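Engineer: One structure, pasted below without further comment.
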Amino acid sequence: MVPAETKETMVSDAERAGEVLGEILARMGIAAVVKVSEDEEQILLDVQGPESGLVIGKQGQTLDSLQYLVARIVHRDRHEADFGKLLVVDAEQYRARRRESLVALAHEMGEKAIRTCRPVAVNPMSPHDRRIMHLALDKVPGVTTQSEGEGSFRRLVILPKPEKV
């Protein structure tokens, strides 16, 4: 006979996350299938179905909320250092499309900061989105970035680097 706690750990985080997300979507009345894939860095839960637009929400806010909720449930008995792989909830390749548009926006705003020699502030956005823009501009010569504000009003500011004499 296998002890109960060993049985629980036999179910991988990926399997558990897929089950949890499927149950949440069912309770929301959303007909969808959750495809689970995993690599060395992350567990991807891809929601597929006719109502996947509802799962995405405005600017991915529903995806972010579902991702947070599923991660908290799957990792509820662990310390943050023991969470393991990053858990990502996606639908209709939204995350990849959003990343592409944020990188393009970052480069456009970076060029504006260089051209005008003035700081350029971007509208408030989620920590995930700000991070994408910070990383996109990290290697761009002539600009630096910082975040300003608090909570949901936190925004990215792109600053032109002073020219060296």
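By order in the structure tokens, chains are A, B, ...; within a chain, residues start at 1; ligands start at 1, following the order shown.
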What are the DSSP alpha helix (DSSP H) residues of stretch 28-99 of chain A, as number ranges by chain?
Structural biologist: A: 52-56, 61-74, 94-99
Engineer: Mind dumping the selected residues with N, CA and C atoms as a PDB file, in the first residue's frame?
Structural biologist:
```
ATOM      1  N   SER A  52     -12.410  30.915 -26.059  1.00  0.00           N
ATOM      2  CA  SER A  52     -11.083  31.249 -25.538  1.00  0.00           C
ATOM      3  C   SER A  52     -10.862  32.758 -25.422  1.00  0.00           C
ATOM      4  N   GLY A  53     -11.623  33.544 -26.153  1.00  0.00           N
ATOM      5  CA  GLY A  53     -11.543  35.002 -26.001  1.00  0.00           C
ATOM      6  C   GLY A  53     -11.936  35.438 -24.594  1.00  0.00           C
ATOM      7  N   LEU A  54     -12.909  34.753 -24.006  1.00  0.00           N
ATOM      8  CA  LEU A  54     -13.304  35.047 -22.619  1.00  0.00           C
ATOM      9  C   LEU A  54     -12.181  34.709 -21.656  1.00  0.00           C
ATOM     10  N   VAL A  55     -11.430  33.665 -21.976  1.00  0.00           N
ATOM     11  CA  VAL A  55     -10.326  33.246 -21.112  1.00  0.00           C
ATOM     12  C   VAL A  55      -9.188  34.258 -21.181  1.00  0.00           C
ATOM     13  N   ILE A  56      -9.006  34.904 -22.319  1.00  0.00           N
ATOM     14  CA  ILE A  56      -7.947  35.908 -22.466  1.00  0.00           C
ATOM     15  C   ILE A  56      -8.309  37.168 -21.685  1.00  0.00           C
ATOM     16  N   GLN A  61      -5.839  40.082 -18.973  1.00  0.00           N
ATOM     17  CA  GLN A  61      -6.024  40.136 -17.524  1.00  0.00           C
ATOM     18  C   GLN A  61      -6.636  38.850 -16.962  1.00  0.00           C
ATOM     19  N   THR A  62      -7.563  38.250 -17.694  1.00  0.00           N
ATOM     20  CA  THR A  62      -8.165  37.007 -17.212  1.00  0.00           C
ATOM     21  C   THR A  62      -7.128  35.890 -17.240  1.00  0.00           C
ATOM     22  N   LEU A  63      -6.309  35.839 -18.288  1.00  0.00           N
ATOM     23  CA  LEU A  63      -5.229  34.851 -18.342  1.00  0.00           C
ATOM     24  C   LEU A  63      -4.296  35.013 -17.140  1.00  0.00           C
ATOM     25  N   ASP A  64      -3.913  36.258 -16.847  1.00  0.00           N
ATOM     26  CA  ASP A  64      -3.019  36.519 -15.715  1.00  0.00           C
ATOM     27  C   ASP A  64      -3.645  36.057 -14.405  1.00  0.00           C
ATOM     28  N   SER A  65      -4.929  36.335 -14.238  1.00  0.00           N
ATOM     29  CA  SER A  65      -5.626  35.944 -13.007  1.00  0.00           C
ATOM     30  C   SER A  65      -5.718  34.425 -12.888  1.00  0.00           C
ATOM     31  N   LEU A  66      -6.059  33.754 -13.983  1.00  0.00           N
ATOM     32  CA  LEU A  66      -6.127  32.292 -13.971  1.00  0.00           C
ATOM     33  C   LEU A  66      -4.758  31.684 -13.687  1.00  0.00           C
ATOM     34  N   GLN A  67      -3.735  32.260 -14.289  1.00  0.00           N
ATOM     35  CA  GLN A  67      -2.369  31.779 -14.082  1.00  0.00           C
ATOM     36  C   GLN A  67      -1.977  31.891 -12.608  1.00  0.00           C
ATOM     37  N   TYR A  68      -2.275  33.023 -11.997  1.00  0.00           N
ATOM     38  CA  TYR A  68      -1.974  33.237 -10.588  1.00  0.00           C
ATOM     39  C   TYR A  68      -2.736  32.238  -9.719  1.00  0.00           C
ATOM     40  N   LEU A  69      -4.022  32.090  -9.987  1.00  0.00           N
ATOM     41  CA  LEU A  69      -4.873  31.214  -9.192  1.00  0.00           C
ATOM     42  C   LEU A  69      -4.424  29.749  -9.286  1.00  0.00           C
ATOM     43  N   VAL A  70      -4.169  29.276 -10.493  1.00  0.00           N
ATOM     44  CA  VAL A  70      -3.734  27.887 -10.683  1.00  0.00           C
ATOM     45  C   VAL A  70      -2.392  27.652  -9.990  1.00  0.00           C
ATOM     46  N   ALA A  71      -1.462  28.588 -10.129  1.00  0.00           N
ATOM     47  CA  ALA A  71      -0.150  28.438  -9.486  1.00  0.00           C
ATOM     48  C   ALA A  71      -0.292  28.376  -7.969  1.00  0.00           C
ATOM     49  N   ARG A  72      -1.141  29.227  -7.396  1.00  0.00           N
ATOM     50  CA  ARG A  72      -1.341  29.221  -5.944  1.00  0.00           C
ATOM     51  C   ARG A  72      -1.948  27.903  -5.466  1.00  0.00           C
ATOM     52  N   ILE A  73      -2.872  27.350  -6.241  1.00  0.00           N
ATOM     53  CA  ILE A  73      -3.501  26.084  -5.863  1.00  0.00           C
ATOM     54  C   ILE A  73      -2.503  24.926  -5.980  1.00  0.00           C
ATOM     55  N   VAL A  74      -1.793  24.864  -7.094  1.00  0.00           N
ATOM     56  CA  VAL A  74      -0.847  23.769  -7.324  1.00  0.00           C
ATOM     57  C   VAL A  74       0.294  23.809  -6.308  1.00  0.00           C
ATOM     58  N   TYR A  94      -1.989  33.877 -27.496  1.00  0.00           N
ATOM     59  CA  TYR A  94      -2.068  35.272 -27.060  1.00  0.00           C
ATOM     60  C   TYR A  94      -0.737  35.763 -26.505  1.00  0.00           C
ATOM     61  N   ARG A  95      -0.095  34.971 -25.675  1.00  0.00           N
ATOM     62  CA  ARG A  95       1.156  35.406 -25.028  1.00  0.00           C
ATOM     63  C   ARG A  95       2.232  35.745 -26.062  1.00  0.00           C
ATOM     64  N   ALA A  96       2.375  34.916 -27.091  1.00  0.00           N
ATOM     65  CA  ALA A  96       3.383  35.169 -28.129  1.00  0.00           C
ATOM     66  C   ALA A  96       3.046  36.434 -28.922  1.00  0.00           C
ATOM     67  N   ARG A  97       1.770  36.591 -29.275  1.00  0.00           N
ATOM     68  CA  ARG A  97       1.367  37.801 -30.019  1.00  0.00           C
ATOM     69  C   ARG A  97       1.554  39.049 -29.174  1.00  0.00           C
ATOM     70  N   ARG A  98       1.221  38.965 -27.898  1.00  0.00           N
ATOM     71  CA  ARG A  98       1.376  40.116 -26.984  1.00  0.00           C
ATOM     72  C   ARG A  98       2.856  40.476 -26.845  1.00  0.00           C
ATOM     73  N   ARG A  99       3.710  39.442 -26.708  1.00  0.00           N
ATOM     74  CA  ARG A  99       5.156  39.682 -26.593  1.00  0.00           C
ATOM     75  C   ARG A  99       5.667  40.432 -27.823  1.00  0.00           C
TER      76      ARG A  99
END
```
Engineer: Would you pick out the contacts of A:Met133 at 10 Å or less, using only C-alpha atoms, so that residues sharing its chain but fewer than 6 positions from it are not included, and give the list as a list in words?
Structural biologist: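 Here the answer would be Arg99, Ser101, Leu102, Val103, Ala104, Leu105, Ala106, His107, Gly110, Val122, Pro127, Thr145, Leu156 and Ile158 of chain A.
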Engineer: Leaving out A:Leu87 and any residue of its chain fewer than 2 positions from it, which residues lie within 10 Å of it when counting only C-alpha atoms, given as a ChimeraX atom specification?
Structural biologist: /A:13-14,17,38,41-45,67-68,70-71,74,83-85,89
Engineer: Output all heavy atoms of each residue in that selection to a file, as a short mmCIF file (atom, residue, chain, number, x, y, z; two decimals), in the first residue's frame.
Structural biologist:
```cif
data_model
loop_
_atom_site.label_atom_id
_atom_site.label_comp_id
_atom_site.auth_asym_id
_atom_site.auth_seq_id
_atom_site.Cartn_x
_atom_site.Cartn_y
_atom_site.Cartn_z
N ASP A 13 3.26 18.26 -11.27
CA ASP A 13 2.71 19.61 -11.22
C ASP A 13 1.97 19.94 -12.51
O ASP A 13 0.93 20.60 -12.49
CB ASP A 13 3.82 20.65 -10.99
CG ASP A 13 4.32 20.67 -9.56
OD1 ASP A 13 3.68 20.03 -8.69
OD2 ASP A 13 5.34 21.33 -9.30
N ALA A 14 2.49 19.48 -13.64
CA ALA A 14 1.86 19.76 -14.93
C ALA A 14 0.46 19.13 -15.00
O ALA A 14 -0.50 19.78 -15.40
CB ALA A 14 2.74 19.26 -16.07
N ALA A 17 -1.86 20.94 -12.55
CA ALA A 17 -2.22 22.28 -13.06
C ALA A 17 -3.28 22.17 -14.15
O ALA A 17 -4.24 22.95 -14.18
CB ALA A 17 -0.98 23.01 -13.57
N GLU A 38 5.24 20.74 -21.35
CA GLU A 38 6.24 21.08 -20.34
C GLU A 38 7.62 21.03 -20.99
O GLU A 38 7.89 20.18 -21.83
CB GLU A 38 6.13 20.03 -19.23
CG GLU A 38 6.96 20.25 -18.02
CD GLU A 38 6.66 19.23 -16.93
OE1 GLU A 38 5.94 18.24 -17.15
OE2 GLU A 38 7.16 19.45 -15.82
N GLU A 41 11.97 24.77 -18.48
CA GLU A 41 11.76 26.02 -17.75
C GLU A 41 10.32 26.24 -17.29
O GLU A 41 10.09 26.91 -16.30
CB GLU A 41 12.19 27.20 -18.62
CG GLU A 41 13.65 27.20 -18.97
CD GLU A 41 14.02 28.33 -19.91
OE1 GLU A 41 13.17 29.20 -20.18
OE2 GLU A 41 15.16 28.32 -20.39
N GLN A 42 9.34 25.73 -18.04
CA GLN A 42 7.96 26.10 -17.74
C GLN A 42 6.97 24.98 -18.04
O GLN A 42 7.25 24.05 -18.78
CB GLN A 42 7.55 27.35 -18.51
CG GLN A 42 7.41 27.14 -20.01
CD GLN A 42 7.03 28.41 -20.73
OE1 GLN A 42 7.04 29.49 -20.17
NE2 GLN A 42 6.68 28.30 -21.99
N ILE A 43 5.80 25.14 -17.42
CA ILE A 43 4.65 24.30 -17.71
C ILE A 43 3.66 25.20 -18.43
O ILE A 43 3.28 26.25 -17.92
CB ILE A 43 4.01 23.77 -16.40
CG1 ILE A 43 4.99 22.87 -15.65
CG2 ILE A 43 2.71 23.05 -16.71
CD1 ILE A 43 4.55 22.53 -14.24
N LEU A 44 3.27 24.83 -19.65
CA LEU A 44 2.35 25.63 -20.44
C LEU A 44 0.99 24.97 -20.46
O LEU A 44 0.86 23.80 -20.81
CB LEU A 44 2.86 25.80 -21.87
CG LEU A 44 1.94 26.55 -22.83
CD1 LEU A 44 1.76 28.00 -22.39
CD2 LEU A 44 2.47 26.49 -24.25
N LEU A 45 -0.03 25.73 -20.05
CA LEU A 45 -1.42 25.28 -20.11
C LEU A 45 -2.09 26.09 -21.21
O LEU A 45 -2.33 27.28 -21.05
CB LEU A 45 -2.11 25.52 -18.77
CG LEU A 45 -1.43 24.90 -17.54
CD1 LEU A 45 -2.14 25.34 -16.27
CD2 LEU A 45 -1.39 23.40 -17.65
N GLN A 67 -3.74 32.26 -14.29
CA GLN A 67 -2.37 31.78 -14.08
C GLN A 67 -1.98 31.89 -12.61
O GLN A 67 -1.44 30.96 -12.03
CB GLN A 67 -1.41 32.59 -14.96
CG GLN A 67 0.03 32.18 -14.88
CD GLN A 67 0.86 32.89 -15.93
OE1 GLN A 67 0.58 32.80 -17.12
NE2 GLN A 67 1.89 33.60 -15.49
N TYR A 68 -2.27 33.02 -12.00
CA TYR A 68 -1.97 33.24 -10.59
C TYR A 68 -2.74 32.24 -9.72
O TYR A 68 -2.17 31.61 -8.83
CB TYR A 68 -2.32 34.68 -10.18
CG TYR A 68 -2.14 34.94 -8.71
CD1 TYR A 68 -0.87 35.18 -8.18
CD2 TYR A 68 -3.23 34.94 -7.85
CE1 TYR A 68 -0.70 35.40 -6.83
CE2 TYR A 68 -3.06 35.16 -6.49
CZ TYR A 68 -1.80 35.41 -5.99
OH TYR A 68 -1.63 35.62 -4.64
N VAL A 70 -4.17 29.28 -10.49
CA VAL A 70 -3.73 27.89 -10.68
C VAL A 70 -2.39 27.65 -9.99
O VAL A 70 -2.21 26.64 -9.31
CB VAL A 70 -3.67 27.52 -12.19
CG1 VAL A 70 -3.00 26.17 -12.40
CG2 VAL A 70 -5.06 27.53 -12.80
N ALA A 71 -1.46 28.59 -10.13
CA ALA A 71 -0.15 28.44 -9.49
C ALA A 71 -0.29 28.38 -7.97
O ALA A 71 0.36 27.56 -7.30
CB ALA A 71 0.78 29.58 -9.89
N VAL A 74 -1.79 24.86 -7.09
CA VAL A 74 -0.85 23.77 -7.32
C VAL A 74 0.29 23.81 -6.31
O VAL A 74 0.75 22.77 -5.83
CB VAL A 74 -0.30 23.81 -8.77
CG1 VAL A 74 0.87 22.85 -8.96
CG2 VAL A 74 -1.42 23.49 -9.76
N PHE A 83 8.73 26.27 -5.69
CA PHE A 83 7.68 26.25 -6.71
C PHE A 83 8.08 25.47 -7.95
O PHE A 83 7.25 24.96 -8.65
CB PHE A 83 7.26 27.66 -7.11
CG PHE A 83 6.31 28.31 -6.13
CD1 PHE A 83 5.94 27.71 -4.95
CD2 PHE A 83 5.78 29.55 -6.41
CE1 PHE A 83 5.07 28.31 -4.06
CE2 PHE A 83 4.91 30.17 -5.53
CZ PHE A 83 4.55 29.54 -4.36
N GLY A 84 9.35 25.41 -8.25
CA GLY A 84 9.78 24.68 -9.44
C GLY A 84 9.60 25.50 -10.69
O GLY A 84 9.92 26.68 -10.74
N LYS A 85 9.02 24.88 -11.71
CA LYS A 85 8.89 25.52 -13.02
C LYS A 85 7.83 26.62 -13.02
O LYS A 85 6.85 26.55 -12.29
CB LYS A 85 8.52 24.48 -14.07
CG LYS A 85 9.58 23.43 -14.27
CD LYS A 85 9.14 22.43 -15.30
CE LYS A 85 10.19 21.35 -15.45
NZ LYS A 85 9.77 20.36 -16.42
N VAL A 89 -0.35 30.17 -18.33
CA VAL A 89 -1.66 29.89 -18.93
C VAL A 89 -1.78 30.75 -20.19
O VAL A 89 -1.53 31.96 -20.13
CB VAL A 89 -2.82 30.19 -17.95
CG1 VAL A 89 -4.16 29.98 -18.63
CG2 VAL A 89 -2.70 29.33 -16.70
#
```
Engineer: Rank nothing, just name the residue among A:Pro160, A:Gly49, A:Gly29, A:Gly60 nearest to A:Pro141, using only C-alpha atoms.
Structural biologist: A:Pro160
Engineer: Give the answer as one residue: which of A:Glu92, A:Glu111, A:Glu100, A:Glu150 has the shortest atom-to-atom distance to A:Asp129, using only C-alpha atoms?
Structural biologist: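 For A:Asp129, the nearest of the candidates is A:Glu100.
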Engineer: Could you go through stretch 19-106 of chain A and tell me which residues DSSP, when run on the backbone, assigns to strand (DSSP E or B), listing them as a VMD selection string?
Structural biologist: chain A and resid 33 to 38 42 to 48 86 to 91
Engineer: Output C-alpha atoms of each residue in that selection to a file, as a CSV table (one decimal), in the first residue's frame.
Structural biologist:
```csv
chain,number,residue,atom,x,y,z
A,33,VAL,CA,-9.9,21.8,-23.6
A,34,VAL,CA,-6.6,22.4,-21.7
A,35,LYS,CA,-3.5,21.1,-23.5
A,36,VAL,CA,-0.6,20.7,-21.1
A,37,SER,CA,3.0,20.8,-22.3
A,38,GLU,CA,6.2,21.1,-20.3
A,42,GLN,CA,8.0,26.1,-17.7
A,43,ILE,CA,4.6,24.3,-17.7
A,44,LEU,CA,2.3,25.6,-20.4
A,45,LEU,CA,-1.4,25.3,-20.1
A,46,ASP,CA,-3.0,26.1,-23.5
A,47,VAL,CA,-6.7,26.7,-23.4
A,48,GLN,CA,-8.5,25.8,-26.7
A,86,LEU,CA,7.1,28.7,-14.1
A,87,LEU,CA,3.4,28.0,-14.8
A,88,VAL,CA,2.0,29.8,-17.9
A,89,VAL,CA,-1.7,29.9,-18.9
A,90,ASP,CA,-2.2,30.8,-22.6
A,91,ALA,CA,-5.0,30.8,-25.2
```
Engineer: Name the residues in contact with A:Met28 at a cut-off of 12 Å, using only C-alpha atoms, excluding same-chain residues fewer than 2 positions from it; report them as number ranges by chain.
Structural biologist: A: 21-26, 30-32, 51, 54-55, 62, 66
Engineer: Which of these residues is nearest to A:Thr116, using only C-alpha atoms: A:Lys58, A:Lys161, A:His134, A:Arg155?
Structural biologist: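 Ranking A:Lys58, A:Lys161, A:His134, A:Arg155 by distance to A:Thr116, first place goes to A:Lys161.
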